[in-house]
>>> print(open('protein-v5.cif').read())   # mmCIF, C-alpha atoms
data_upload
#
loop_
_atom_site.label_atom_id
_atom_site.label_comp_id
_atom_site.auth_asym_id
_atom_site.auth_seq_id
_atom_site.Cartn_x
_atom_site.Cartn_y
_atom_site.Cartn_z
CA MET A 8 73.68 107.86 101.37
CA GLU A 9 71.53 104.78 101.80
CA SER A 10 74.09 103.25 104.14
CA MET A 11 74.20 106.49 106.15
CA GLU A 12 70.42 106.41 106.53
CA SER A 13 70.72 102.91 108.00
CA LEU A 14 73.20 103.96 110.70
CA GLU A 15 72.49 102.99 114.28
CA ILE A 16 73.03 106.15 116.33
CA PRO A 17 74.41 105.89 119.88
CA THR A 18 72.22 107.41 122.56
CA GLY A 19 72.91 111.10 123.13
CA ILE A 20 74.78 111.60 119.86
CA LEU A 21 73.73 114.24 117.32
CA VAL A 22 74.84 113.41 113.79
CA LYS A 23 75.26 115.88 110.96
CA ILE A 24 76.30 114.84 107.45
CA ILE A 25 78.57 117.15 105.47
CA ILE A 26 79.01 116.66 101.74
CA VAL A 27 81.71 118.59 99.91
CA GLU A 28 81.62 118.56 96.13
CA ASN A 29 85.08 119.19 94.71
CA ASP A 30 84.19 120.68 91.34
CA SER A 31 83.80 123.96 89.49
CA ASP A 32 80.02 123.59 89.35
CA THR A 33 77.25 122.28 91.62
CA THR A 34 76.65 119.01 89.80
CA LEU A 35 75.47 117.17 92.91
CA LYS A 36 73.49 119.92 94.62
CA ASP A 37 70.08 118.63 93.48
CA PHE A 38 71.02 115.09 94.47
CA VAL A 39 71.95 116.22 97.98
CA LYS A 40 68.76 118.30 98.21
CA TYR A 41 66.71 115.20 97.30
CA TRP A 42 68.35 113.21 100.10
CA SER A 43 68.24 115.99 102.67
CA GLU A 44 64.48 116.41 102.28
CA LYS A 45 63.80 112.81 103.30
CA SER A 46 66.76 112.14 105.60
CA ARG A 47 66.53 111.82 109.37
CA PHE A 48 69.84 113.70 109.57
CA GLU A 49 70.78 117.30 108.95
CA ILE A 50 72.65 117.23 105.64
CA THR A 51 74.64 120.22 104.45
CA TYR A 52 76.21 120.65 101.03
CA TYR A 53 79.24 122.76 100.10
CA LEU A 54 81.00 123.40 96.83
CA GLU A 55 84.81 123.50 97.04
CA PRO A 56 86.07 124.76 93.67
CA SER A 57 89.80 124.46 94.46
CA PRO A 58 90.71 121.13 92.84
CA GLY A 59 92.18 118.35 94.94
CA ILE A 60 91.22 116.00 97.72
CA VAL A 61 93.05 118.00 100.42
CA TYR A 62 90.98 121.10 99.67
CA ALA A 63 87.81 119.02 99.91
CA ARG A 64 88.78 117.35 103.19
CA ASN A 65 89.89 120.61 104.79
CA ARG A 66 86.63 122.27 103.75
CA SER A 67 84.62 119.49 105.37
CA ILE A 68 86.51 119.95 108.65
CA ALA A 69 86.03 123.72 108.58
CA GLU A 70 82.30 123.29 108.04
CA ALA A 71 82.06 120.80 110.92
CA GLY A 72 82.23 123.77 113.29
CA ASP A 73 82.27 122.95 116.99
CA SER A 74 81.58 119.23 116.60
CA ASP A 75 83.26 116.95 119.13
CA PHE A 76 84.30 114.38 116.53
CA VAL A 77 84.44 114.06 112.77
CA CYS A 78 84.07 110.75 110.94
CA PHE A 79 85.37 110.26 107.42
CA THR A 80 84.35 107.90 104.67
CA ASP A 81 84.73 108.16 100.90
CA ASP A 82 82.19 108.71 98.15
CA ASP A 83 82.81 105.26 96.66
CA GLN A 84 82.12 103.48 99.94
CA ILE A 85 79.31 102.25 102.14
CA VAL A 86 79.40 101.65 105.88
CA ALA A 87 77.84 98.99 108.10
CA ALA A 88 74.80 99.91 110.18
CA ASN A 89 76.83 99.70 113.40
CA TRP A 90 79.83 101.57 111.98
CA LEU A 91 79.38 104.74 114.02
CA LYS A 92 78.48 102.80 117.17
CA GLU A 93 81.66 100.77 116.92
CA LEU A 94 83.84 103.83 116.34
CA MET A 95 82.29 105.69 119.27
CA LYS A 96 82.42 102.66 121.57
CA CYS A 97 86.14 102.17 120.98
CA GLN A 98 86.81 105.89 121.38
CA ALA A 99 85.02 106.03 124.72
CA GLU A 100 86.67 102.88 126.04
CA PHE A 101 90.20 104.17 125.43
CA ASN A 102 89.52 107.94 125.46
CA ALA A 103 91.23 107.86 122.08
CA ASP A 104 91.92 110.83 119.83
CA GLY A 105 90.97 108.69 116.88
CA VAL A 106 89.59 105.30 115.90
CA ALA A 107 90.20 103.55 112.59
CA GLY A 108 88.54 100.52 111.04
CA PRO A 109 89.12 98.35 107.98
CA THR A 110 87.79 99.07 104.51
CA TRP A 111 86.96 95.85 102.69
CA PRO A 112 86.69 95.68 98.88
CA ILE A 113 83.52 94.94 96.94
CA PHE A 114 84.26 93.84 93.39
CA GLY A 115 81.87 94.18 90.50
CA LYS A 116 82.81 90.73 89.23
CA GLU A 117 84.73 87.66 90.37
CA VAL A 118 88.44 88.45 90.53
CA PRO A 119 91.49 86.24 91.14
CA LEU A 120 92.92 85.79 94.62
CA TYR A 121 95.99 87.85 93.80
CA ILE A 122 93.76 90.86 93.05
CA ARG A 123 91.83 90.33 96.28
CA LYS A 124 95.13 90.16 98.17
CA PHE A 125 96.20 93.54 96.78
CA TYR A 126 93.04 95.16 98.14
CA GLN A 127 93.09 93.31 101.46
CA PRO A 128 93.17 95.93 104.24
CA ASP A 129 95.56 95.77 107.16
CA THR A 130 93.58 94.75 110.22
CA TYR A 131 94.39 94.47 113.90
CA SER A 132 92.78 93.22 117.07
CA TYR A 133 90.34 95.43 118.95
CA GLY A 134 91.99 98.38 120.67
CA THR A 135 95.37 98.07 118.99
CA GLN A 136 97.22 101.38 118.83
CA VAL A 137 98.13 102.29 115.25
CA GLU A 138 100.62 104.89 114.04
CA SER A 139 98.57 106.02 111.06
CA ALA A 140 95.20 105.43 109.43
CA PHE A 141 93.12 106.23 106.36
CA THR A 142 90.10 108.46 105.92
CA GLY A 143 88.02 105.78 104.27
CA ASN A 144 87.13 104.65 107.79
CA LEU A 145 88.19 107.05 110.52
CA LEU A 146 86.97 109.01 113.53
CA ILE A 147 89.08 111.89 114.85
CA ARG A 148 88.61 114.25 117.78
CA LYS A 149 87.77 117.65 116.26
CA LYS A 150 89.85 119.74 118.67
CA VAL A 151 92.94 117.76 117.65
CA LEU A 152 92.36 118.75 114.03
CA ASP A 153 91.70 122.36 114.99
CA LEU A 154 95.21 122.62 116.45
CA MET A 155 96.84 121.55 113.19
CA GLU A 156 97.65 123.74 110.21
CA GLY A 157 95.52 122.64 107.29
CA PRO A 158 94.93 120.16 108.87
CA PHE A 159 95.50 118.06 105.73
CA ASP A 160 98.75 119.03 104.02
CA LEU A 161 98.37 120.74 100.63
CA ARG A 162 101.68 119.29 99.48
CA LEU A 163 99.82 115.96 99.18
CA ASN A 164 96.84 117.39 97.32
CA LEU A 165 97.33 115.43 94.10
CA SER A 166 99.42 112.50 95.29
CA GLY A 167 97.26 111.12 98.09
CA GLY A 168 98.71 110.03 101.40
CA GLU A 169 97.37 113.14 103.14
CA ASP A 170 95.39 110.99 105.56
CA SER A 171 98.23 108.72 106.65
CA PHE A 172 100.48 111.78 107.02
CA LEU A 173 97.95 113.63 109.16
CA THR A 174 97.32 110.67 111.46
CA LYS A 175 101.07 110.00 111.76
CA GLN A 176 101.53 113.61 112.84
CA ILE A 177 98.84 113.11 115.49
CA THR A 178 100.44 109.98 116.95
CA ASP A 179 103.97 111.39 116.71
CA SER A 180 102.84 114.34 118.83
CA GLY A 181 101.44 112.04 121.54
CA GLY A 182 97.91 111.47 120.24
CA MET A 183 96.33 108.04 120.40
CA ILE A 184 94.56 106.26 117.55
CA ARG A 185 93.03 102.85 118.20
CA PHE A 186 91.76 100.20 115.80
CA ASN A 187 88.37 98.51 115.84
CA PRO A 188 88.03 95.65 113.33
CA ASP A 189 84.25 95.66 113.85
CA ALA A 190 83.81 99.23 112.52
CA LEU A 191 83.28 98.13 108.95
CA ALA A 192 83.40 100.11 105.73
CA TYR A 193 83.30 98.72 102.20
CA GLU A 194 84.82 100.15 99.02
CA PHE A 195 83.44 99.50 95.55
CA VAL A 196 86.34 98.55 93.27
CA PRO A 197 85.51 99.16 89.58
CA ASP A 198 86.77 96.74 86.96
CA ASN A 199 89.45 99.11 85.64
CA ARG A 200 91.10 99.10 89.08
CA THR A 201 91.59 95.35 88.93
CA LYS A 202 93.91 95.61 85.91
CA LEU A 203 97.66 95.09 86.16
CA GLY A 204 98.44 98.57 84.84
CA PHE A 205 96.39 100.29 87.52
CA ILE A 206 97.87 98.15 90.30
CA ALA A 207 101.42 98.93 89.14
CA LYS A 208 100.59 102.64 88.92
CA ARG A 209 99.05 102.62 92.38
CA SER A 210 102.04 100.77 93.83
CA PHE A 211 104.30 103.43 92.29
CA ARG A 212 102.14 106.16 93.83
CA ILE A 213 102.10 104.59 97.30
CA SER A 214 105.88 104.22 97.35
CA ASN A 215 106.60 107.64 95.85
CA THR A 216 104.29 109.38 98.31
CA ARG A 217 105.53 107.40 101.31
CA HIS A 218 109.11 108.44 100.60
CA PHE A 219 108.05 112.07 100.24
CA ILE A 220 106.20 111.91 103.58
CA ASN A 221 109.24 110.31 105.22
CA SER A 222 111.38 113.17 103.92
CA ILE A 223 109.07 115.61 105.71
CA LEU A 224 109.00 113.63 108.93
CA LYS A 225 112.76 112.95 108.89
CA PRO A 226 114.38 115.87 107.06
CA ASP A 227 117.83 114.99 108.40
CA ILE A 228 117.94 111.76 106.35
CA HIS A 229 119.33 112.35 102.86
CA PRO A 230 117.30 110.75 100.04
CA ALA A 231 120.44 109.03 98.73
CA ASN A 232 120.51 106.91 101.90
CA ILE A 233 117.56 104.85 100.63
CA ILE A 234 119.22 103.93 97.32
CA PRO A 235 120.74 100.62 98.54
CA ARG A 236 117.38 99.49 99.87
CA LEU A 237 115.63 100.47 96.65
CA LEU A 238 118.24 98.65 94.55
CA ALA A 239 117.78 95.52 96.64
CA ARG A 240 114.00 95.75 96.26
CA LEU A 241 114.23 96.33 92.52
CA SER A 242 116.64 93.43 92.02
CA TYR A 243 114.57 91.05 94.10
CA GLY A 244 111.39 92.15 92.37
CA MET A 245 112.87 91.58 88.91
CA LEU A 246 114.18 88.18 89.98
CA ILE A 247 110.81 86.90 91.19
CA SER A 248 108.46 88.72 88.80
CA VAL A 249 108.32 86.17 85.98
CA PRO A 250 108.20 82.94 88.02
CA LEU A 251 105.61 84.35 90.42
CA PHE A 252 103.51 85.80 87.61
CA LEU A 253 103.45 82.38 85.97
CA PHE A 254 103.16 80.15 89.05
CA GLY A 255 102.65 82.39 92.09
CA GLY A 256 98.95 81.86 92.74
CA ARG A 257 97.76 84.50 95.22
CA ASN A 258 101.33 85.96 95.21
CA LYS A 259 101.27 86.43 91.42
CA LEU A 260 101.83 90.20 91.58
CA LYS A 261 104.40 90.28 94.39
CA GLY A 262 107.41 90.80 92.12
CA ILE A 263 105.67 93.37 89.90
CA ILE A 264 104.56 95.34 92.96
CA LYS A 265 108.10 95.36 94.36
CA VAL A 266 109.47 96.64 91.05
CA SER A 267 106.81 99.38 90.86
CA ASN A 268 107.49 100.21 94.49
CA ALA A 269 111.23 100.58 93.86
CA ILE A 270 110.68 102.72 90.76
CA GLY A 271 108.41 104.99 92.79
CA GLY A 272 111.22 105.44 95.30
CA PHE A 273 113.79 106.24 92.61
CA ALA A 274 111.37 108.73 91.06
CA PHE A 275 111.16 110.51 94.42
CA ILE A 276 114.96 110.73 94.62
CA LEU A 277 115.00 112.29 91.14
CA GLY A 278 112.44 114.88 92.24
CA LYS A 279 109.42 113.38 90.50
CA ARG A 280 106.18 113.53 92.53
CA SER A 281 103.19 111.32 91.81
CA GLN A 282 100.08 113.21 90.71
CA PHE A 283 97.85 110.18 90.87
CA TYR A 284 94.71 112.21 91.63
CA ARG A 285 95.15 114.99 89.06
#
>>> encode(input="protein-v5.cif", output="structure tokens")
Amino acid sequence: MESMESLEIPTGILVKIIIVENDSDTTLKDFVKYWSEKSRFEITYYLEPSPGIVYARNRSIAEAGDSDFVCFTDDDQIVAANWLKELMKCQAEFNADGVAGPTWPIFGKEVPLYIRKFYQPDTYSYGTQVESAFTGNLLIRKKVLDLMEGPFDLRLNLSGGEDSFLTKQITDSGGMIRFNPDALAYEFVPDNRTKLGFIAKRSFRISNTRHFINSILKPDIHPANIIPRLLARLSYGMLISVPLFLFGGRNKLKGIIKVSNAIGGFAFILGKRSQFYR
């Protein structure tokens, strides 16, 4: 909320902040009331009791009403003062349906390079068209979302990946999402998310969910067709895991991630869905 209060607002833009608490009780209502009383923005609070991130995101879009654009960031993030300006500038320059930016990690303590590499965001030059993006740092034209069922897909409610799936649907249907590396967001990474177990679990989740999304986008491709690729990835990952873990430097986790990635794919083939966010 402090980073939101520091936002530089482009001329002629009216900003409203929507906070959706995904819980069975209004735990944060007093906190939001405290901020809204001193904020320069209109802040509205909603309770979404249906559990899951998709319900929360869809509620926020519904409550955005007739806004021209919606901007997403997460509750464990902060944004740069010029974040909104950079998103809007890039949107106007390309008349884009969406603009994405990078989310950089902030660690609570010094961590090895191989942990930093895992959390390194993909980044592109200014104006690059991207096929998909993440809601940690994203602007989307509201009328595009209004045309989509959901718009976030409830099948991804507990697995994550709902944001990359939604934005891939937009670009597949002819929409345009551009990238602005200067629209900066930052994610706080707690210590427990720097542990090997969490990284392996997250790698499993990313792979498992990506294969499920691909099965929706390309229903004519049988899941068994990916088995050779998964076997190759698993074999290669097992081959390099020990030497890289011992001597790999910033690539220390490469083999372990490939193994977790392959296992996530095999789990999808066997009908097991990740419920990472349960």
>>> closest_residue(input="protein-v5.cif", among="A:Asp179, A:Ile233, A:Gly59, A:Thr110", to="A:Arg285", atoms="only C-alpha atoms")
A:Gly59
>>> atom_distance(input="protein-v5.cif", atom1="atom CA of A:Tyr52", atom2="atom CA of A:Gln176")
28.8 Å
>>> closest_residue(input="protein-v5.cif", among="A:Val137, A:Leu94, A:Ile228, A:Leu163", to="A:Thr178", atoms="all atoms listed in the file")
A:Val137
>>> closest_residue(input="protein-v5.cif", among="A:Gly143, A:Gly105, A:Gly256, A:Gly168", to="A:Arg185", atoms="all atoms listed in the file")
A:Gly105
>>> closest_residue(input="protein-v5.cif", among="A:Leu173, A:Ala269, A:Asp75, A:Ala207", to="A:Pro158", atoms="all atoms listed in the file")
A:Leu173
>>> resolve_selection(input="protein-v5.cif", expression="the PyMOL selection byres ((chain A and resi 32) around 8)", output="number ranges by chain")
A: 30-31, 33-34, 54, 56
>>> resolve_selection(input="protein-v5.cif", expression="the PyMOL selection byres ((chain A and resi 248) around 10)", output="PyMOL selection string")
chain A and resi 242-247+249-253+255+258-266
>>> write_last_selection(input="protein-v5.cif", atoms="C-alpha atoms", output="PDB file, in the frame of the given file")
ATOM      1  CA  SER A 242     116.640  93.430  92.020  1.00  0.00           C
ATOM      2  CA  TYR A 243     114.570  91.050  94.100  1.00  0.00           C
ATOM      3  CA  GLY A 244     111.390  92.150  92.370  1.00  0.00           C
ATOM      4  CA  MET A 245     112.870  91.580  88.910  1.00  0.00           C
ATOM      5  CA  LEU A 246     114.180  88.180  89.980  1.00  0.00           C
ATOM      6  CA  ILE A 247     110.810  86.900  91.190  1.00  0.00           C
ATOM      7  CA  VAL A 249     108.320  86.170  85.980  1.00  0.00           C
ATOM      8  CA  PRO A 250     108.200  82.940  88.020  1.00  0.00           C
ATOM      9  CA  LEU A 251     105.610  84.350  90.420  1.00  0.00           C
ATOM     10  CA  PHE A 252     103.510  85.800  87.610  1.00  0.00           C
ATOM     11  CA  LEU A 253     103.450  82.380  85.970  1.00  0.00           C
ATOM     12  CA  GLY A 255     102.650  82.390  92.090  1.00  0.00           C
ATOM     13  CA  ASN A 258     101.330  85.960  95.210  1.00  0.00           C
ATOM     14  CA  LYS A 259     101.270  86.430  91.420  1.00  0.00           C
ATOM     15  CA  LEU A 260     101.830  90.200  91.580  1.00  0.00           C
ATOM     16  CA  LYS A 261     104.400  90.280  94.390  1.00  0.00           C
ATOM     17  CA  GLY A 262     107.410  90.800  92.120  1.00  0.00           C
ATOM     18  CA  ILE A 263     105.670  93.370  89.900  1.00  0.00           C
ATOM     19  CA  ILE A 264     104.560  95.340  92.960  1.00  0.00           C
ATOM     20  CA  LYS A 265     108.100  95.360  94.360  1.00  0.00           C
ATOM     21  CA  VAL A 266     109.470  96.640  91.050  1.00  0.00           C
TER      22      VAL A 266
END
>>> resolve_selection(input="protein-v5.cif", expression="the PyMOL selection byres ((chain A and resi 131) around 9)", output="mmCIF file with C-alpha atoms, in the coordinates of the input")
data_model
loop_
_atom_site.group_PDB
_atom_site.id
_atom_site.type_symbol
_atom_site.label_atom_id
_atom_site.label_comp_id
_atom_site.auth_asym_id
_atom_site.auth_seq_id
_atom_site.Cartn_x
_atom_site.Cartn_y
_atom_site.Cartn_z
ATOM 1 C CA GLY A 108 88.540 100.520 111.040
ATOM 2 C CA PRO A 109 89.120 98.350 107.980
ATOM 3 C CA ASP A 129 95.560 95.770 107.160
ATOM 4 C CA THR A 130 93.580 94.750 110.220
ATOM 5 C CA SER A 132 92.780 93.220 117.070
ATOM 6 C CA TYR A 133 90.340 95.430 118.950
ATOM 7 C CA GLY A 134 91.990 98.380 120.670
ATOM 8 C CA THR A 135 95.370 98.070 118.990
ATOM 9 C CA GLN A 136 97.220 101.380 118.830
ATOM 10 C CA VAL A 137 98.130 102.290 115.250
ATOM 11 C CA PHE A 186 91.760 100.200 115.800
ATOM 12 C CA ASN A 187 88.370 98.510 115.840
ATOM 13 C CA PRO A 188 88.030 95.650 113.330
#
>>> residues_around(input="protein-v5.cif", residues="A:Arg280", least_positions_apart="5", cutoff="8 Å", atoms="all atoms listed in the file", output="ChimeraX atom specification")
/A:166,215-216,274-275
>>> atom_distance(input="protein-v5.cif", atom1="atom CA of A:Tyr284", atom2="atom CA of A:Phe219")
15.9 Å
>>> residues_around(input="protein-v5.cif", residues="A:Glu70", least_positions_apart="4", cutoff="10 Å", atoms="all atoms listed in the file", output="list of chain:residue names")
A:Ile25, A:Ile26, A:Val27, A:Thr51, A:Tyr52, A:Tyr53, A:Asn65, A:Arg66, A:Ser74
>>> closest_residue(input="protein-v5.cif", among="A:Val77, A:Ile220, A:Val86, A:Val106", to="A:Glu9", atoms="all atoms listed in the file")
A:Val86
>>> atom_distance(input="protein-v5.cif", atom1="atom CA of A:Val151", atom2="atom CA of A:Met11")
24.7 Å
>>> closest_residue(input="protein-v5.cif", among="A:Gly167, A:Gly271, A:Gly157, A:Pro230", to="A:Phe211", atoms="all atoms listed in the file")
A:Gly271
>>> residues_around(input="protein-v5.cif", residues="A:Ile184", least_positions_apart="3", cutoff="10 Å", atoms="only C-alpha atoms", output="ChimeraX atom specification")
/A:97-98,101-107,134-140,145-148,174-175,177-178,181
>>> build_atoms(input="protein-v5.cif", residues="stretch 176-206 of chain A", atoms="N, CA and C atoms", output="compact mmCIF listing (two decimals), in the frame of the given file")
# COMPACT_ATOMS: atom_id res chain seq x y z
N GLN A 176 101.20 112.40 112.09
CA GLN A 176 101.53 113.61 112.84
C GLN A 176 100.84 113.61 114.20
N ILE A 177 99.60 113.15 114.23
CA ILE A 177 98.84 113.11 115.49
C ILE A 177 99.51 112.15 116.48
N THR A 178 99.84 110.95 116.02
CA THR A 178 100.44 109.98 116.95
C THR A 178 101.87 110.36 117.31
N ASP A 179 102.61 110.95 116.39
CA ASP A 179 103.97 111.39 116.71
C ASP A 179 103.98 112.48 117.78
N SER A 180 102.91 113.26 117.85
CA SER A 180 102.84 114.34 118.83
C SER A 180 102.19 113.89 120.14
N GLY A 181 101.97 112.58 120.29
CA GLY A 181 101.44 112.04 121.54
C GLY A 181 99.98 111.66 121.50
N GLY A 182 99.31 111.87 120.37
CA GLY A 182 97.91 111.47 120.24
C GLY A 182 97.77 109.97 120.14
N MET A 183 96.57 109.48 120.38
CA MET A 183 96.33 108.04 120.40
C MET A 183 95.22 107.67 119.42
N ILE A 184 95.55 106.78 118.49
CA ILE A 184 94.56 106.26 117.55
C ILE A 184 94.47 104.75 117.76
N ARG A 185 93.27 104.27 117.99
CA ARG A 185 93.03 102.85 118.20
C ARG A 185 92.35 102.25 116.98
N PHE A 186 92.36 100.92 116.93
CA PHE A 186 91.76 100.20 115.80
C PHE A 186 90.61 99.34 116.29
N ASN A 187 89.51 99.38 115.54
CA ASN A 187 88.37 98.51 115.84
C ASN A 187 88.01 97.74 114.57
N PRO A 188 88.30 96.43 114.53
CA PRO A 188 88.03 95.65 113.33
C PRO A 188 86.54 95.46 113.05
N ASP A 189 85.69 95.82 114.02
CA ASP A 189 84.25 95.66 113.85
C ASP A 189 83.58 96.93 113.31
N ALA A 190 84.34 98.01 113.15
CA ALA A 190 83.81 99.23 112.52
C ALA A 190 84.05 99.10 111.02
N LEU A 191 83.06 98.59 110.32
CA LEU A 191 83.28 98.13 108.95
C LEU A 191 82.85 99.14 107.90
N ALA A 192 83.73 99.37 106.93
CA ALA A 192 83.40 100.11 105.73
C ALA A 192 83.74 99.23 104.53
N TYR A 193 83.11 99.53 103.41
CA TYR A 193 83.30 98.72 102.20
C TYR A 193 83.49 99.65 101.01
N GLU A 194 84.49 99.33 100.19
CA GLU A 194 84.82 100.15 99.02
C GLU A 194 84.47 99.40 97.74
N PHE A 195 83.74 100.07 96.85
CA PHE A 195 83.44 99.50 95.55
C PHE A 195 84.66 99.65 94.64
N VAL A 196 85.15 98.54 94.13
CA VAL A 196 86.34 98.55 93.27
C VAL A 196 85.88 98.31 91.83
N PRO A 197 85.93 99.34 90.98
CA PRO A 197 85.51 99.16 89.58
C PRO A 197 86.47 98.25 88.83
N ASP A 198 85.99 97.72 87.72
CA ASP A 198 86.77 96.74 86.96
C ASP A 198 88.12 97.29 86.51
N ASN A 199 88.18 98.57 86.14
CA ASN A 199 89.45 99.11 85.64
C ASN A 199 90.53 99.16 86.72
N ARG A 200 90.12 99.10 87.99
CA ARG A 200 91.10 99.10 89.08
C ARG A 200 91.56 97.69 89.45
N THR A 201 91.11 96.71 88.71
CA THR A 201 91.59 95.35 88.93
C THR A 201 92.61 94.94 87.86
N LYS A 202 92.96 95.89 86.98
CA LYS A 202 93.91 95.61 85.91
C LYS A 202 95.34 95.79 86.39
N LEU A 203 96.26 95.06 85.76
CA LEU A 203 97.66 95.09 86.16
C LEU A 203 98.25 96.50 86.07
N GLY A 204 97.90 97.23 85.01
CA GLY A 204 98.44 98.57 84.84
C GLY A 204 98.07 99.50 85.98
N PHE A 205 96.82 99.43 86.41
CA PHE A 205 96.39 100.29 87.52
C PHE A 205 97.11 99.91 88.81
N ILE A 206 97.23 98.61 89.06
CA ILE A 206 97.87 98.15 90.30
C ILE A 206 99.34 98.58 90.33
